[in-house]
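Structure file my_file10.txt (compact mmCIF, C-alpha atoms and all ligand atoms) is printed below.
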```txt
# COMPACT_ATOMS: atom_id res chain seq x y z
CA MET O 769 32.38 22.11 76.18
CA VAL O 770 35.43 22.94 78.25
CA ASN O 771 36.91 26.44 77.97
CA LEU O 772 40.65 25.95 77.44
CA LEU O 773 41.38 29.39 78.94
CA GLN O 774 40.54 27.76 82.26
CA PHE O 775 43.82 25.82 82.41
CA ASP O 776 47.40 26.64 83.21
CA ARG O 777 49.83 24.38 81.33
CA ALA O 778 49.77 21.66 84.00
CA GLY O 779 45.98 21.68 83.95
CA LEU O 780 45.98 21.50 80.18
CA GLY O 781 48.28 18.47 80.45
CA ASP O 782 45.71 16.79 82.69
CA PHE O 783 43.00 17.61 80.16
CA CYS O 784 45.03 16.12 77.30
CA GLU O 785 45.48 12.94 79.30
CA GLN O 786 41.75 12.77 79.91
CA LEU O 787 41.32 12.89 76.14
CA GLY O 788 43.73 9.95 75.81
CA GLU O 789 46.53 12.12 74.42
CA LYS O 790 50.15 12.56 75.51
CA ARG O 791 50.73 15.17 78.16
CA PHE O 792 53.38 17.03 76.18
CA ARG O 793 50.76 17.96 73.58
CA ALA O 794 49.54 20.51 76.12
CA THR O 795 52.60 22.69 75.52
CA GLN O 796 51.88 22.92 71.78
CA LEU O 797 48.23 23.65 72.46
CA PHE O 798 49.06 26.22 75.14
CA ARG O 799 51.36 28.07 72.73
CA TRP O 800 48.68 28.20 70.05
CA ILE O 801 46.20 29.70 72.47
CA HIS O 802 48.34 32.11 74.47
CA GLN O 803 51.16 33.02 72.10
CA ARG O 804 49.27 33.06 68.82
CA GLY O 805 45.74 33.81 69.97
CA GLU O 806 44.30 30.93 67.96
CA ARG O 807 40.82 29.69 68.84
CA ASP O 808 40.14 27.13 66.13
CA PRO O 809 41.69 23.67 66.72
CA ALA O 810 41.56 23.02 62.97
CA ALA O 811 44.06 25.84 62.45
CA MET O 812 46.56 24.39 64.94
CA THR O 813 48.41 22.62 62.18
CA ASP O 814 51.25 21.05 64.15
CA LEU O 815 48.88 19.30 66.57
CA ALA O 816 48.17 15.63 65.98
CA LYS O 817 45.04 15.18 63.89
CA SER O 818 43.59 12.92 66.61
CA LEU O 819 43.90 15.72 69.18
CA ARG O 820 42.46 18.34 66.85
CA ASP O 821 39.43 16.12 66.24
CA LYS O 822 38.93 15.49 69.96
CA LEU O 823 39.26 19.20 70.76
CA ALA O 824 36.71 20.11 68.12
CA GLY O 825 34.13 18.02 69.93
CA SER O 826 34.98 18.78 73.51
CA ALA O 827 36.66 22.16 73.99
CA VAL O 828 36.54 25.82 73.01
CA VAL O 829 38.62 28.93 73.52
CA GLU O 830 35.79 31.11 74.72
CA ALA O 831 36.48 34.84 74.85
CA LEU O 832 34.40 37.21 76.98
CA PRO O 833 31.69 39.14 75.14
CA VAL O 834 32.65 42.82 74.90
CA ALA O 835 29.76 45.04 76.00
CA SER O 836 31.66 48.23 75.29
CA GLU O 837 35.07 49.69 74.61
CA GLN O 838 36.03 53.23 75.45
CA VAL O 839 39.25 54.98 74.56
CA ALA O 840 40.34 58.01 76.56
CA ALA O 841 42.12 61.04 75.24
CA ASP O 842 45.34 59.81 76.87
CA GLY O 843 45.11 56.45 75.07
CA THR O 844 43.80 54.49 78.04
CA ILE O 845 41.31 51.83 76.93
CA LYS O 846 38.53 50.46 79.09
CA TRP O 847 36.69 47.31 78.12
CA LEU O 848 33.42 46.30 79.75
CA PHE O 849 32.90 42.54 79.53
CA ASP O 850 29.59 40.77 80.03
CA VAL O 851 30.23 37.79 82.30
CA GLY O 852 26.63 36.59 82.29
CA GLY O 853 23.96 36.50 84.95
CA GLY O 854 23.62 40.25 84.76
CA ASP O 855 27.21 40.92 85.82
CA ALA O 856 29.83 42.94 84.01
CA ILE O 857 33.50 43.50 84.74
CA GLU O 858 36.05 46.00 83.52
CA THR O 859 39.59 45.75 82.22
CA VAL O 860 41.79 48.78 81.63
CA PHE O 861 44.82 49.12 79.34
CA ILE O 862 47.23 51.90 80.24
CA PRO O 863 49.77 52.73 77.52
CA GLU O 864 53.06 54.39 78.32
CA ALA O 865 56.12 55.01 76.19
CA ASP O 866 58.02 51.99 77.49
CA ARG O 867 55.29 49.62 78.60
CA GLY O 868 51.69 48.54 78.23
CA THR O 869 49.97 47.76 81.51
CA LEU O 870 46.74 45.83 81.81
CA CYS O 871 44.62 46.21 84.94
CA ILE O 872 42.59 43.02 85.37
CA SER O 873 39.49 42.25 87.47
CA SER O 874 39.29 39.17 89.69
CA GLN O 875 35.68 39.34 90.90
CA ALA O 876 32.35 40.75 89.79
CA GLY O 877 31.97 43.37 92.51
CA CYS O 878 33.86 43.09 95.78
CA ALA O 879 33.01 42.07 99.34
CA VAL O 880 35.67 44.13 101.12
CA ASN O 881 33.69 47.35 100.81
CA CYS O 882 36.46 49.91 101.17
CA ARG O 883 34.84 53.24 101.85
CA PHE O 884 36.58 55.13 99.06
CA CYS O 885 35.99 52.52 96.34
CA SER O 886 33.03 52.59 93.97
CA THR O 887 33.44 48.88 93.24
CA GLY O 888 33.10 48.18 96.96
CA HIS O 889 29.90 50.19 97.10
CA GLN O 890 28.50 48.07 94.30
CA GLY O 891 28.66 44.96 96.50
CA PHE O 892 29.85 41.44 95.74
CA SER O 893 28.30 39.31 93.04
CA ARG O 894 30.66 36.40 92.40
CA ASN O 895 34.20 35.20 91.87
CA LEU O 896 35.50 35.10 88.32
CA THR O 897 36.76 31.80 86.97
CA THR O 898 40.36 31.37 85.86
CA ALA O 899 39.08 31.45 82.28
CA GLU O 900 37.39 34.81 82.88
CA ILE O 901 40.54 36.28 84.42
CA VAL O 902 42.79 35.01 81.62
CA ALA O 903 40.26 35.97 78.94
CA GLN O 904 40.77 39.65 79.84
CA LEU O 905 44.48 39.34 79.04
CA TRP O 906 43.85 37.17 75.98
CA HIS O 907 41.41 39.70 74.54
CA ALA O 908 43.60 42.73 75.23
CA GLU O 909 46.82 41.15 73.99
CA PHE O 910 45.49 39.86 70.69
CA THR O 911 43.18 42.79 69.99
CA LEU O 912 46.06 45.22 70.47
CA ARG O 913 48.52 43.08 68.54
CA ARG O 914 46.20 43.19 65.54
CA ARG O 915 45.64 46.94 65.83
CA LEU O 916 49.30 47.71 66.27
CA GLY O 917 50.44 45.28 63.60
CA LEU O 918 52.98 43.79 65.98
CA ALA O 919 55.39 41.20 64.64
CA ALA O 920 55.42 37.64 65.98
CA GLY O 921 57.05 37.65 69.39
CA GLU O 922 56.24 41.31 70.09
CA ARG O 923 53.96 41.87 73.05
CA ALA O 924 51.30 44.50 73.52
CA ILE O 925 50.93 43.84 77.24
CA THR O 926 54.20 44.00 79.17
CA ASN O 927 52.81 44.39 82.70
CA VAL O 928 49.76 43.09 84.51
CA VAL O 929 48.29 44.48 87.70
CA MET O 930 45.55 42.62 89.52
CA MET O 931 43.98 45.90 90.60
CA GLY O 932 40.67 45.89 88.78
CA MET O 933 37.35 44.97 90.34
CA GLY O 934 37.59 42.60 93.30
CA GLU O 935 40.01 41.39 95.95
CA PRO O 936 42.21 38.85 94.12
CA LEU O 937 43.29 37.03 97.27
CA GLN O 938 39.65 36.28 98.07
CA ASN O 939 39.52 34.38 94.78
CA TYR O 940 42.79 32.55 95.20
CA ALA O 941 41.86 29.20 93.63
CA ALA O 942 41.05 30.92 90.33
CA LEU O 943 43.85 33.46 90.59
CA LEU O 944 46.73 31.00 90.92
CA PRO O 945 46.39 29.20 87.54
CA ALA O 946 45.81 32.59 85.91
CA LEU O 947 49.08 33.94 87.34
CA ARG O 948 50.92 30.81 86.22
CA THR O 949 49.57 31.27 82.70
CA MET O 950 50.78 34.88 82.66
CA LEU O 951 54.27 33.87 83.82
CA ASP O 952 54.63 30.74 81.69
CA ASP O 953 57.30 31.05 78.98
CA HIS O 954 54.98 29.08 76.71
CA GLY O 955 52.17 31.49 77.57
CA TYR O 956 52.57 35.24 78.01
CA GLY O 957 56.10 34.98 79.42
CA LEU O 958 55.75 37.92 81.81
CA SER O 959 58.39 38.22 84.52
CA ARG O 960 57.36 38.00 88.16
CA ARG O 961 58.44 41.61 88.58
CA ARG O 962 55.94 42.71 85.96
CA VAL O 963 52.92 40.94 87.42
CA THR O 964 51.52 42.60 90.52
CA VAL O 965 48.85 41.32 92.87
CA SER O 966 47.21 44.10 94.85
CA THR O 967 45.48 43.16 98.08
CA SER O 968 43.57 44.95 100.79
CA GLY O 969 45.36 42.67 103.27
CA VAL O 970 44.13 39.07 103.28
CA VAL O 971 46.98 37.97 105.52
CA PRO O 972 46.78 34.15 105.26
CA MET O 973 46.64 34.34 101.47
CA ILE O 974 49.69 36.62 101.33
CA ASP O 975 51.57 33.73 102.93
CA ARG O 976 50.07 31.29 100.39
CA LEU O 977 51.00 33.51 97.46
CA ARG O 978 54.59 33.77 98.75
CA ASP O 979 54.85 29.97 98.77
CA ASP O 980 52.93 29.22 95.57
CA CYS O 981 53.70 32.00 93.12
CA PRO O 982 55.57 35.03 94.47
CA VAL O 983 54.91 37.92 92.12
CA ALA O 984 55.19 41.63 92.93
CA LEU O 985 52.91 42.61 95.79
CA ALA O 986 51.01 45.83 96.41
CA VAL O 987 49.06 46.41 99.60
CA SER O 988 46.20 48.88 99.94
CA LEU O 989 47.07 50.53 103.24
CA HIS O 990 45.29 53.91 103.10
CA ALA O 991 45.68 54.68 106.82
CA PRO O 992 48.61 54.87 109.24
CA ASP O 993 46.77 53.40 112.25
CA ASP O 994 44.19 50.72 112.99
CA ALA O 995 41.44 53.08 114.17
CA LEU O 996 41.26 54.84 110.82
CA ARG O 997 41.99 51.76 108.72
CA ASP O 998 39.12 49.91 110.43
CA GLU O 999 36.85 52.55 108.93
CA LEU O 1000 38.39 52.80 105.48
CA VAL O 1001 39.25 49.15 104.85
CA PRO O 1002 36.89 47.02 106.97
CA LEU O 1003 39.06 43.92 106.48
CA ASN O 1004 41.49 45.59 108.89
CA ARG O 1005 39.25 44.54 111.79
CA LYS O 1006 40.16 40.95 110.95
CA TYR O 1007 43.79 41.48 109.95
CA PRO O 1008 45.13 44.62 111.66
CA ILE O 1009 48.14 46.56 110.47
CA ALA O 1010 50.73 44.79 112.64
CA GLU O 1011 49.70 41.38 111.23
CA LEU O 1012 49.59 42.77 107.73
CA LEU O 1013 53.10 44.22 107.91
CA ALA O 1014 54.41 40.98 109.41
CA ALA O 1015 52.95 39.08 106.44
CA CYS O 1016 54.57 41.58 104.08
CA ARG O 1017 57.96 41.13 105.76
CA GLY O 1018 57.57 37.39 105.35
CA TYR O 1019 56.63 37.86 101.71
CA LEU O 1020 59.83 39.75 100.99
CA ALA O 1021 61.85 36.58 101.56
CA ARG O 1022 60.61 35.26 98.20
CA ALA O 1023 59.37 38.38 96.45
CA PRO O 1024 60.79 39.29 93.03
CA ARG O 1025 61.41 42.83 94.27
CA ASP O 1026 63.06 43.86 97.54
CA PHE O 1027 60.15 46.07 98.54
CA ILE O 1028 56.39 45.99 98.86
CA THR O 1029 54.34 48.77 97.29
CA LEU O 1030 51.96 50.41 99.75
CA GLU O 1031 48.99 52.14 98.14
CA TYR O 1032 47.60 55.14 99.96
CA CYS O 1033 44.51 56.88 98.59
CA MET O 1034 44.61 60.57 99.59
CA LEU O 1035 41.28 61.59 101.14
CA ASP O 1036 40.69 65.21 101.94
CA GLY O 1037 40.73 65.81 105.70
CA VAL O 1038 40.61 62.08 106.46
CA ASN O 1039 44.09 60.59 106.11
CA ASP O 1040 46.17 63.37 104.55
CA ALA O 1041 47.44 65.41 107.51
CA PRO O 1042 51.19 65.92 108.07
CA GLU O 1043 51.00 64.19 111.46
CA GLN O 1044 49.44 61.17 109.74
CA ALA O 1045 52.36 61.17 107.32
CA ARG O 1046 54.72 61.12 110.30
CA THR O 1047 52.78 58.23 111.86
CA LEU O 1048 53.01 56.36 108.57
CA LEU O 1049 56.73 57.08 108.36
CA ALA O 1050 57.29 55.72 111.87
CA LEU O 1051 55.22 52.66 111.00
CA VAL O 1052 57.27 51.67 107.94
CA ARG O 1053 60.65 52.64 109.40
CA GLY O 1054 60.01 50.65 112.58
CA ASP O 1055 62.19 50.75 115.66
CA GLY O 1056 65.18 49.00 114.15
CA SER O 1057 64.13 45.53 115.25
CA ALA O 1058 63.62 42.75 112.69
CA ASP O 1059 59.94 42.45 113.50
CA SER O 1060 59.04 46.07 112.85
CA GLY O 1061 58.95 48.37 109.84
CA LEU O 1062 58.79 47.35 106.18
CA ALA O 1063 60.98 47.79 103.10
CA CYS O 1064 58.49 49.58 100.92
CA LYS O 1065 57.67 52.18 98.35
CA ILE O 1066 54.63 54.31 98.97
CA ASN O 1067 52.30 55.25 96.16
CA LEU O 1068 49.97 58.15 96.94
CA ILE O 1069 46.79 57.91 94.87
CA PRO O 1070 44.61 60.91 94.10
CA PHE O 1071 41.06 59.96 95.10
CA ASN O 1072 38.48 59.83 92.34
CA PRO O 1073 35.33 61.14 94.00
CA PHE O 1074 31.97 59.45 93.45
CA PRO O 1075 28.72 60.66 94.95
CA ALA O 1076 27.98 57.84 97.42
CA SER O 1077 31.37 58.07 99.12
CA GLY O 1078 30.94 61.42 100.85
CA LEU O 1079 34.70 61.86 100.45
CA GLY O 1080 36.79 64.41 98.60
CA ARG O 1081 40.15 64.50 96.81
CA SER O 1082 43.04 65.94 98.79
CA PRO O 1083 44.34 69.23 97.39
CA ARG O 1084 47.63 69.01 95.50
CA GLU O 1085 49.58 70.97 98.05
CA ARG O 1086 48.41 68.64 100.83
CA VAL O 1087 49.48 65.61 98.82
CA ALA O 1088 52.84 67.24 98.15
CA ALA O 1089 53.35 68.03 101.85
CA PHE O 1090 52.43 64.44 102.78
CA ALA O 1091 54.86 63.08 100.19
CA ALA O 1092 57.61 65.41 101.42
CA VAL O 1093 57.41 64.04 104.96
CA LEU O 1094 57.86 60.50 103.67
CA GLN O 1095 60.60 61.40 101.20
CA GLU O 1096 62.55 63.38 103.76
CA GLY O 1097 62.25 60.33 106.00
CA GLY O 1098 63.98 58.24 103.34
CA ILE O 1099 60.95 56.43 101.92
CA VAL O 1100 60.61 56.33 98.14
CA THR O 1101 57.25 57.97 97.53
CA THR O 1102 55.42 58.59 94.28
CA VAL O 1103 52.14 60.24 93.40
CA ARG O 1104 50.16 58.20 90.91
CA LYS O 1105 49.32 59.83 87.63
CA THR O 1106 45.63 59.81 86.92
CA ARG O 1107 44.78 58.07 83.67
CA GLY O 1108 41.60 57.71 81.68
CA ASP O 1109 39.66 60.27 83.72
CA ASP O 1110 37.32 61.01 80.83
CA ILE O 1111 36.19 57.37 80.64
CA ALA O 1112 36.09 56.74 84.42
CA ALA O 1113 38.95 54.25 84.17
CA ALA O 1114 41.04 55.52 87.06
CA CYS O 1115 41.46 53.68 90.33
CA GLY O 1116 38.27 53.23 92.31
CA GLN O 1117 36.12 54.29 89.39
CA LEU O 1118 35.74 50.92 87.76
CA ALA O 1119 32.19 50.33 88.90
CA GLY O 1120 31.03 53.91 88.71
CA GLU O 1121 29.48 54.72 85.42
CA VAL O 1122 28.87 51.10 84.42
CA GLN O 1123 27.03 50.16 87.58
CA ASP O 1124 23.69 50.24 85.83
CA ARG O 1125 24.98 47.78 83.29
CA THR O 1126 26.16 45.30 85.94
CA ARG O 1127 22.61 44.32 86.76
CA LEU O 1128 21.50 43.46 83.28
CA ALA O 1129 19.60 40.31 84.19
CA GLU O 1130 17.63 41.99 86.95
CA ARG O 1131 16.36 44.40 84.34
CA GLY O 1132 15.59 41.52 81.98
CA THR O 1133 17.85 42.89 79.29
CA ARG O 1134 20.89 41.68 77.46
CA ALA O 1135 24.27 43.34 77.41
CA ALA O 1136 24.47 46.36 75.21
CA PRO O 1137 26.00 45.65 71.81
CA VAL O 1138 29.67 46.43 71.40
CA ARG O 1139 30.16 50.14 71.68
CA VAL O 1140 33.40 51.76 70.70
CA GLU O 1141 33.89 55.32 71.81
CA ARG O 1142 37.07 57.01 70.80
CA ARG O 1143 37.52 60.33 72.45
CA VAL O 1144 40.80 60.84 70.74
CA ALA O 1145 42.53 62.92 68.18
CA GLY O 1146 45.91 62.93 66.53
CA PRO O 1147 48.06 60.41 64.71
CA VAL O 1148 47.86 56.72 65.36
CA SER O 1149 50.04 55.63 68.26
CA ARG O 1150 52.17 52.53 67.98
CA ARG O 1151 51.41 51.58 71.54
CA THR O 1152 47.64 52.00 71.57
CA GLY O 1153 46.86 51.61 67.91
CA VAL O 1154 44.27 54.33 68.16
CA ALA O 1155 45.73 57.79 68.51
CA ALA O 1156 48.58 59.68 70.02
CA PRO O 1157 48.08 59.99 73.76
CA ALA O 1158 47.45 63.43 75.11
CA PRO O 1159 49.98 64.61 77.69
CA VAL O 1160 49.50 62.71 80.93
CA ARG O 1161 47.98 64.75 83.70
CA SER O 1162 49.49 64.27 87.10
CA SER O 1163 47.88 65.11 90.36
CA SER O 1164 51.17 65.74 91.99
S1 LIG O 1201 39.60 48.88 96.94
FE1 LIG O 1201 39.83 46.77 96.18
S2 LIG O 1201 39.43 45.49 98.00
FE2 LIG O 1201 38.60 47.55 98.49
S3 LIG O 1201 36.43 47.45 97.87
FE3 LIG O 1201 37.60 48.25 96.09
S4 LIG O 1201 38.02 46.45 94.83
FE4 LIG O 1201 37.48 45.70 96.89
```

As structure tokens, what does this structure read like?
Ligand code: SF4
Amino acid sequence: MVNLLQFDRAGLGDFCEQLGEKRFRATQLFRWIHQRGERDPAAMTDLAKSLRDKLAGSAVVEALPVASEQVAADGTIKWLFDVGGGDAIETVFIPEADRGTLCISSQAGCAVNCRFCSTGHQGFSRNLTTAEIVAQLWHAEFTLRRRLGLAAGERAITNVVMMGMGEPLQNYAALLPALRTMLDDHGYGLSRRRVTVSTSGVVPMIDRLRDDCPVALAVSLHAPDDALRDELVPLNRKYPIAELLAACRGYLARAPRDFITLEYCMLDGVNDAPEQARTLLALVRGDGSADSGLACKINLIPFNPFPASGLGRSPRERVAAFAAVLQEGGIVTTVRKTRGDDIAAACGQLAGEVQDRTRLAERGTRAAPVRVERRVAGPVSRRTGVAAPAPVRSSS
């Protein structure tokens, strides 16, 4: 049986043709799946009976099994999905007053092995399929729509960030149809500005993404010079900072925004000194020539410590001083709010407390049954459907 979540609309057209049906039927089918969340072909009443019968015998809309769901006091929701073979992945929903952002995983584990990232420490297991990437959005969107009682046409997820487990540009073949499904007006209809791919710097694939499907781009920089970045983000040894920034400048020609977001995880005593802020400032401002500098916003991320890293979180005042150097230099700089701390859903924590459950097969066990933990109180929130979010804590 073919999982229909595997296809963007063009791929679904090919599949319809293989079934001996007209290509345009794919649009109707696509809308049933991605706009109405329908899984049963028999319920897709405006599809030709011949197609419904063929689908019933050859295709499914296969969601990912939920191993657990946790809801943080601030309304953040973390789902752990069993993707088989002993692997599990995580998806995080971050509610805010004016948006609902879903952080999606692209791989089970990650091969890049950034020093400050608990997913990296877990190691790489495998790439996710397009169906597994899209299934995270499908599950979140239609689960939340039901909980919130949203009317037809209202969306629960307004923004997607490919910032969960894995390096999305090292799983490009699966990523591309997933992005197209997110952007498709007959699918989720998200604008390119509201879909962000975050990369540790896979330079050739930044160029490919620019040509194939230019969405918003975030780059995990984390260091102002190659010597330090070689240590923190080992991929830098292959694609050093100068090449990375050149790729980013090239990306801007087709990007939906006129800047690239640079992510910078603040590590105590490692990359958070004022002189490092000045080096970073000089790097992004360049020397005035076209082939230097970068139009960017810088996002400083409070580190979420985990035991194996041997690293600590920069004190607030050090983060503030670092930000001040950049801001006074004319660079828009923000300090990321930490969300979902009580369920280990913040950046870099995605593998942490679930690591034991990502090796289910090795232990000869099955995924734990669905577990819903709601560490919440207060009235039901329209955005999360569970409870009013507690005030957001900021590390700034
Ligand atoms: S930060 Fe991203 S690219 Fe680096 S190890 Fe973690 S998941 Fe992989």

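Minimum atom-to-atom distances from O:Asp866, O:Asp1040, O:Glu999, O:Glu1096 to ligand LIG 1201 (chain O) were compared using all atoms listed in the file, and the lowest value belongs to O:Glu999.
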
Compute the set of protein, DNA and RNA residues whose minimum atom distance to ligand LIG 1201 (chain O) is at most 6 Å, using all atoms listed in the file, and state it as a PDB file with C-alpha atoms, keeping the file's coordinate frame.
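Written output follows (pocket-v1.pdb):
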```pdb
ATOM      1  CA  CYS O 878      33.860  43.090  95.780  1.00  0.00           C
ATOM      2  CA  VAL O 880      35.670  44.130 101.120  1.00  0.00           C
ATOM      3  CA  ASN O 881      33.690  47.350 100.810  1.00  0.00           C
ATOM      4  CA  CYS O 882      36.460  49.910 101.170  1.00  0.00           C
ATOM      5  CA  CYS O 885      35.990  52.520  96.340  1.00  0.00           C
ATOM      6  CA  THR O 887      33.440  48.880  93.240  1.00  0.00           C
ATOM      7  CA  GLY O 888      33.100  48.180  96.960  1.00  0.00           C
ATOM      8  CA  MET O 933      37.350  44.970  90.340  1.00  0.00           C
ATOM      9  CA  GLY O 934      37.590  42.600  93.300  1.00  0.00           C
ATOM     10  CA  GLU O 935      40.010  41.390  95.950  1.00  0.00           C
ATOM     11  CA  SER O 968      43.570  44.950 100.790  1.00  0.00           C
TER      12      SER O 968
END
```

Close residues, stretch 944-952 of chain O itself excluded, 7 Å, all atoms listed in the file, min 2 positions apart in chain, as a short mmCIF file (atom, residue, chain, number, x, y, z; two decimals) with C-alpha atoms, keeping the file's coordinate frame:
```cif
data_model
loop_
_atom_site.label_atom_id
_atom_site.label_comp_id
_atom_site.auth_asym_id
_atom_site.auth_seq_id
_atom_site.Cartn_x
_atom_site.Cartn_y
_atom_site.Cartn_z
CA PHE O 775 43.82 25.82 82.41
CA ASP O 776 47.40 26.64 83.21
CA THR O 898 40.36 31.37 85.86
CA ILE O 901 40.54 36.28 84.42
CA VAL O 902 42.79 35.01 81.62
CA TYR O 940 42.79 32.55 95.20
CA ALA O 941 41.86 29.20 93.63
CA ALA O 942 41.05 30.92 90.33
CA HIS O 954 54.98 29.08 76.71
CA GLY O 955 52.17 31.49 77.57
CA TYR O 956 52.57 35.24 78.01
CA GLY O 957 56.10 34.98 79.42
CA LEU O 958 55.75 37.92 81.81
CA SER O 959 58.39 38.22 84.52
CA ARG O 960 57.36 38.00 88.16
#
```

For O:Val860, find every residue with an atom within 6 Å (counting all atoms listed in the file), except residues of its own chain fewer than 6 positions away, and show them as a PyMOL selection string. chain O and resi 845-846+870-871

Would you list the residues near (55.5, 45.9, 107.0) (no more than 10 Å away, in the coordinates of the file, using only C-alpha atoms) as a PyMOL selection string? chain O and resi 987+1009-1020+1027-1028+1030+1051-1054+1059-1064

d(atom CA of O:Leu1079, atom CA of O:Leu1035) in Å: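 So the answer is 6.6 Å.
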
Give me, as a PDB file with C-alpha atoms, in the coordinates of the input, all polymer residues having an atom no more than 8 Å from O:Phe884, counting all atoms listed in the file and skipping those fewer than 6 positions away in the same chain.
```pdb
ATOM      1  CA  LEU O1000      38.390  52.800 105.480  1.00  0.00           C
ATOM      2  CA  PHE O1071      41.060  59.960  95.100  1.00  0.00           C
ATOM      3  CA  PRO O1073      35.330  61.140  94.000  1.00  0.00           C
ATOM      4  CA  SER O1077      31.370  58.070  99.120  1.00  0.00           C
ATOM      5  CA  LEU O1079      34.700  61.860 100.450  1.00  0.00           C
ATOM      6  CA  GLY O1116      38.270  53.230  92.310  1.00  0.00           C
TER       7      GLY O1116
END
```

List as JSON, numbers by chain the protein and nucleic acid residues near O:Ala899, meaning an atom at most 6 Å away when all atoms listed in the file are counted, but skip any in the same chain fewer than 3 places from it. {"O": [773, 774, 902, 903]}

Who sits within 10 Å of O:Glu1043, all atoms listed in the file, same chain under 5 positions skipped, as an MDAnalysis selection string: chainID O and resid 992 1048:1049 1090 1093

Straight-line distance linking atom CA of O:Ala1091 with atom CA of O:Lys1105, stated in Å to one decimal: 14.1 Å

Nearest to O:Phe798, chosen from O:Val829, O:Ala908, O:Val770, O:Ala991, with all atoms listed in the file counted in the distances: O:Val829
